Amino acid sequence: LMLLGLGPDAHTASLFPNRPEKHLRDRLVVGVPDAGMEPYVPRISLTLPSTIVGIVNVTPDSFYDRGLTADGAAAVRRGVDMVAAGADLLDVGGMTAQPGEPLSAAAEIDRVAPVVRELRAQTGVPIAVDTYRAEVAAAALAAGADLVNDHTGLADPDLAGVVAARRAGLVVTHLGLQPKQEQEGRYALPFDAIAASLIERAERALAAGVPREG
């Protein structure tokens, strides 16, 4: 179970195919302080190994890649290429998180399940499915996915049970909105409220049987 996951995206996998740590370190430069100012030191550990996640969005309206891998065959090629370039994990999504009418679960399954199946056959890295729906997660896990990346924080009450039944991994993030809901203004919530929400979701997932580790 992972509450928050931060990592380089598919473009980083392309830029740094051999994952040299010094390049990741160089990208954390945040500017030169004025004379007399203390230099800013990011509160990020640069001694731990990096994990590069390759994003594969099988959707024509992705805000991330604008439909670059909307075609299933193109999505599989992109995923294979990113693994060859050094990606440690692939994240496959079939529905944009942008506001609007949600795609039907059947259509989402039709997008992600074949891609997951082919990537499982052609690569050896862990594969995540980016979905908040239990039905889609079940299909993707059956196709070979190893974990579920739920950006809504268990909006579907059945999702944790599906993940637990497969002994799969689960990534839970904080959304603060309903799925596909329009965000009004800036995202401004107290940190303790976000932390409390994530802890509650983690306890819910663990109670459903999601493995704490593994």
# chains A, B, ... in the order shown; residues from 1 in each chain; ligands from 1
$ residues_around --residues "Ala143 in chain A" --least-positions-apart "4" --cutoff "7 Å" --atoms "only C-alpha atoms" --output "mmCIF file with N, CA, C and O atoms, in the first residue's frame"
data_model
loop_
_atom_site.group_PDB
_atom_site.id
_atom_site.type_symbol
_atom_site.label_atom_id
_atom_site.label_comp_id
_atom_site.auth_asym_id
_atom_site.auth_seq_id
_atom_site.Cartn_x
_atom_site.Cartn_y
_atom_site.Cartn_z
ATOM 1 N N ALA A 113 -7.160 -3.281 -20.852
ATOM 2 C CA ALA A 113 -6.858 -4.706 -20.648
ATOM 3 C C ALA A 113 -5.965 -5.288 -21.752
ATOM 4 O O ALA A 113 -4.978 -5.976 -21.446
ATOM 5 N N VAL A 116 -2.390 -3.905 -21.248
ATOM 6 C CA VAL A 116 -1.740 -4.536 -20.096
ATOM 7 C C VAL A 116 -1.301 -5.954 -20.450
ATOM 8 O O VAL A 116 -0.179 -6.376 -20.120
ATOM 9 N N ARG A 117 -2.164 -6.688 -21.118
ATOM 10 C CA ARG A 117 -1.845 -8.073 -21.475
ATOM 11 C C ARG A 117 -0.599 -8.151 -22.365
ATOM 12 O O ARG A 117 0.292 -8.990 -22.148
ATOM 13 N N ALA A 139 -10.381 -6.389 -14.189
ATOM 14 C CA ALA A 139 -10.033 -6.825 -15.543
ATOM 15 C C ALA A 139 -8.551 -6.627 -15.824
ATOM 16 O O ALA A 139 -7.904 -7.482 -16.440
#
$ residues_around --residues "Val115 in chain A" --least-positions-apart "6" --cutoff "12 Å" --atoms "only C-alpha atoms" --output "NGL selection string"
:A and (56-59 or 69-80 or 90-94 or 108-109 or 121-123 or 127-129 or 139-141 or 143-145)
$ atom_distance --atom1 "CA of Ser50 in chain A" --atom2 "CA of Glu200 in chain A"
28.0 Å
$ closest_residue --among "A:Gly54, A:Pro60, A:Pro190, A:Pro157" --to "Leu103 in chain A" --atoms "only C-alpha atoms"
A:Pro60
$ select_by_dssp --residues "range 100-177 of chain A" --states "strand (DSSP E or B)" --output "list in words"
Ile127, Ala128, Val129, Asp130, Leu147, Val148, Asn149, Asp150, Gly169, Leu170, Val171 and Val172 of chain A
$ write_last_selection --atoms "N, CA, C and O atoms" --output "JSON list (two decimals), in the first residue's frame"
[["chain", "number", "residue", "atom", "x", "y", "z"],
["A", 127, "ILE", "N", 3.53, -3.51, -13.64],
["A", 127, "ILE", "CA", 2.57, -2.73, -14.41],
["A", 127, "ILE", "C", 1.44, -2.29, -13.48],
["A", 127, "ILE", "O", 0.85, -3.11, -12.77],
["A", 128, "ALA", "N", 1.16, -0.99, -13.51],
["A", 128, "ALA", "CA", 0.03, -0.45, -12.75],
["A", 128, "ALA", "C", -1.08, -0.08, -13.72],
["A", 128, "ALA", "O", -0.83, 0.30, -14.85],
["A", 129, "VAL", "N", -2.32, -0.20, -13.25],
["A", 129, "VAL", "CA", -3.44, 0.31, -14.02],
["A", 129, "VAL", "C", -3.96, 1.54, -13.28],
["A", 129, "VAL", "O", -4.17, 1.51, -12.07],
["A", 130, "ASP", "N", -4.12, 2.62, -14.01],
["A", 130, "ASP", "CA", -4.57, 3.88, -13.43],
["A", 130, "ASP", "C", -6.09, 3.95, -13.57],
["A", 130, "ASP", "O", -6.62, 4.30, -14.62],
["A", 147, "LEU", "N", -0.47, -3.76, -9.82],
["A", 147, "LEU", "CA", -1.00, -2.84, -8.83],
["A", 147, "LEU", "C", -1.99, -1.88, -9.47],
["A", 147, "LEU", "O", -2.05, -1.75, -10.69],
["A", 148, "VAL", "N", -2.76, -1.23, -8.60],
["A", 148, "VAL", "CA", -3.78, -0.28, -9.03],
["A", 148, "VAL", "C", -3.39, 1.10, -8.52],
["A", 148, "VAL", "O", -3.07, 1.27, -7.33],
["A", 149, "ASN", "N", -3.40, 2.08, -9.41],
["A", 149, "ASN", "CA", -3.09, 3.46, -9.07],
["A", 149, "ASN", "C", -4.40, 4.24, -9.08],
["A", 149, "ASN", "O", -4.93, 4.57, -10.14],
["A", 150, "ASP", "N", -4.94, 4.52, -7.90],
["A", 150, "ASP", "CA", -6.24, 5.17, -7.77],
["A", 150, "ASP", "C", -6.07, 6.62, -7.34],
["A", 150, "ASP", "O", -5.82, 6.91, -6.18],
["A", 169, "GLY", "N", -0.88, -4.64, -5.42],
["A", 169, "GLY", "CA", -0.50, -3.40, -4.77],
["A", 169, "GLY", "C", -1.53, -2.32, -5.02],
["A", 169, "GLY", "O", -2.33, -2.40, -5.96],
["A", 170, "LEU", "N", -1.51, -1.30, -4.19],
["A", 170, "LEU", "CA", -2.48, -0.20, -4.30],
["A", 170, "LEU", "C", -1.79, 1.12, -4.00],
["A", 170, "LEU", "O", -1.12, 1.27, -2.99],
["A", 171, "VAL", "N", -1.97, 2.08, -4.90],
["A", 171, "VAL", "CA", -1.50, 3.45, -4.70],
["A", 171, "VAL", "C", -2.74, 4.32, -4.48],
["A", 171, "VAL", "O", -3.64, 4.34, -5.33],
["A", 172, "VAL", "N", -2.80, 5.01, -3.37],
["A", 172, "VAL", "CA", -3.93, 5.86, -3.04],
["A", 172, "VAL", "C", -3.46, 7.30, -2.91],
["A", 172, "VAL", "O", -2.56, 7.59, -2.12]]
$ atom_distance --atom1 "CA of Leu119 in chain A" --atom2 "CA of Ala97 in chain A"
22.6 Å
$ atom_distance --atom1 "CA of Ala105 in chain A" --atom2 "CA of Pro126 in chain A"
23.2 Å
$ residues_around --residues "Ala205 in chain A" --least-positions-apart "2" --cutoff "12 Å" --atoms "only C-alpha atoms" --output "number ranges by chain"
A: 1-3, 150, 153-165, 167-172, 198-203, 207-212
$ write_last_selection --atoms "C-alpha atoms" --output "PDB file, in the first residue's frame"
ATOM      1  CA  LEU A   1       0.000   0.000   0.000  1.00  0.00           C
ATOM      2  CA  MET A   2       1.412   3.378  -1.033  1.00  0.00           C
ATOM      3  CA  LEU A   3      -0.207   6.630   0.021  1.00  0.00           C
ATOM      4  CA  ASP A 150      -6.242   5.168  -7.771  1.00  0.00           C
ATOM      5  CA  GLY A 153      -8.502   7.818  -2.985  1.00  0.00           C
ATOM      6  CA  LEU A 154     -10.962   4.901  -3.032  1.00  0.00           C
ATOM      7  CA  ALA A 155     -13.977   6.716  -4.452  1.00  0.00           C
ATOM      8  CA  ASP A 156     -15.251   3.262  -5.425  1.00  0.00           C
ATOM      9  CA  PRO A 157     -15.858   1.424  -2.130  1.00  0.00           C
ATOM     10  CA  ASP A 158     -15.355  -1.957  -3.837  1.00  0.00           C
ATOM     11  CA  LEU A 159     -11.884  -1.220  -5.196  1.00  0.00           C
ATOM     12  CA  ALA A 160      -9.869  -2.155  -2.109  1.00  0.00           C
ATOM     13  CA  GLY A 161     -11.591  -5.534  -1.925  1.00  0.00           C
ATOM     14  CA  VAL A 162     -10.713  -6.293  -5.545  1.00  0.00           C
ATOM     15  CA  VAL A 163      -7.072  -5.385  -4.936  1.00  0.00           C
ATOM     16  CA  ALA A 164      -6.990  -7.490  -1.768  1.00  0.00           C
ATOM     17  CA  ALA A 165      -8.489 -10.520  -3.512  1.00  0.00           C
ATOM     18  CA  ARG A 167      -3.000  -9.698  -3.442  1.00  0.00           C
ATOM     19  CA  ALA A 168      -2.016  -6.760  -5.631  1.00  0.00           C
ATOM     20  CA  GLY A 169      -0.496  -3.400  -4.768  1.00  0.00           C
ATOM     21  CA  LEU A 170      -2.478  -0.204  -4.304  1.00  0.00           C
ATOM     22  CA  VAL A 171      -1.504   3.450  -4.695  1.00  0.00           C
ATOM     23  CA  VAL A 172      -3.931   5.863  -3.038  1.00  0.00           C
ATOM     24  CA  LEU A 198      -4.991   9.598   3.497  1.00  0.00           C
ATOM     25  CA  ILE A 199      -4.644   7.818   6.836  1.00  0.00           C
ATOM     26  CA  GLU A 200      -8.362   7.008   6.830  1.00  0.00           C
ATOM     27  CA  ARG A 201      -8.109   5.624   3.284  1.00  0.00           C
ATOM     28  CA  ALA A 202      -5.060   3.560   4.245  1.00  0.00           C
ATOM     29  CA  GLU A 203      -6.899   2.086   7.219  1.00  0.00           C
ATOM     30  CA  ALA A 207      -9.101  -3.475   6.700  1.00  0.00           C
ATOM     31  CA  ALA A 208     -10.204  -4.789   3.297  1.00  0.00           C
ATOM     32  CA  GLY A 209      -7.107  -6.970   3.171  1.00  0.00           C
ATOM     33  CA  VAL A 210      -4.764  -4.983   0.951  1.00  0.00           C
ATOM     34  CA  PRO A 211      -1.186  -6.031   1.779  1.00  0.00           C
ATOM     35  CA  ARG A 212       0.718  -3.463   3.829  1.00  0.00           C
TER      36      ARG A 212
END
$ residues_around --residues "Ala107 in chain A" --least-positions-apart "3" --cutoff "10 Å" --atoms "only C-alpha atoms" --output "PyMOL selection string"
chain A and resi 94-95+103-104+110-112+136
$ write_last_selection --atoms "N, CA, C and O atoms" --output "mmCIF file, in the first residue's frame"
data_model
loop_
_atom_site.group_PDB
_atom_site.id
_atom_site.type_symbol
_atom_site.label_atom_id
_atom_site.label_comp_id
_atom_site.auth_asym_id
_atom_site.auth_seq_id
_atom_site.Cartn_x
_atom_site.Cartn_y
_atom_site.Cartn_z
ATOM 1 N N GLY A 94 -6.798 4.426 -19.041
ATOM 2 C CA GLY A 94 -7.709 4.413 -20.174
ATOM 3 C C GLY A 94 -8.777 5.473 -20.147
ATOM 4 O O GLY A 94 -9.617 5.531 -21.051
ATOM 5 N N MET A 95 -8.762 6.339 -19.103
ATOM 6 C CA MET A 95 -9.747 7.412 -19.050
ATOM 7 C C MET A 95 -9.100 8.657 -18.468
ATOM 8 O O MET A 95 -8.486 8.608 -17.402
ATOM 9 N N LEU A 103 -16.131 7.814 -19.082
ATOM 10 C CA LEU A 103 -16.199 6.723 -20.036
ATOM 11 C C LEU A 103 -16.885 5.543 -19.363
ATOM 12 O O LEU A 103 -16.772 5.364 -18.147
ATOM 13 N N SER A 104 -17.594 4.739 -20.109
ATOM 14 C CA SER A 104 -18.204 3.550 -19.510
ATOM 15 C C SER A 104 -17.103 2.598 -19.048
ATOM 16 O O SER A 104 -15.994 2.574 -19.603
ATOM 17 N N ASP A 110 -11.911 -2.115 -22.374
ATOM 18 C CA ASP A 110 -11.496 -2.410 -23.749
ATOM 19 C C ASP A 110 -10.210 -1.681 -24.112
ATOM 20 O O ASP A 110 -9.434 -2.166 -24.948
ATOM 21 N N ARG A 111 -9.969 -0.524 -23.499
ATOM 22 C CA ARG A 111 -8.747 0.221 -23.776
ATOM 23 C C ARG A 111 -7.538 -0.349 -23.033
ATOM 24 O O ARG A 111 -6.469 -0.535 -23.614
ATOM 25 N N VAL A 112 -7.700 -0.611 -21.745
ATOM 26 C CA VAL A 112 -6.524 -0.919 -20.933
ATOM 27 C C VAL A 112 -6.163 -2.401 -20.879
ATOM 28 O O VAL A 112 -4.973 -2.753 -20.862
ATOM 29 N N VAL A 136 -12.902 -2.206 -13.566
ATOM 30 C CA VAL A 136 -11.760 -2.032 -14.466
ATOM 31 C C VAL A 136 -10.500 -2.607 -13.832
ATOM 32 O O VAL A 136 -9.698 -3.267 -14.499
#
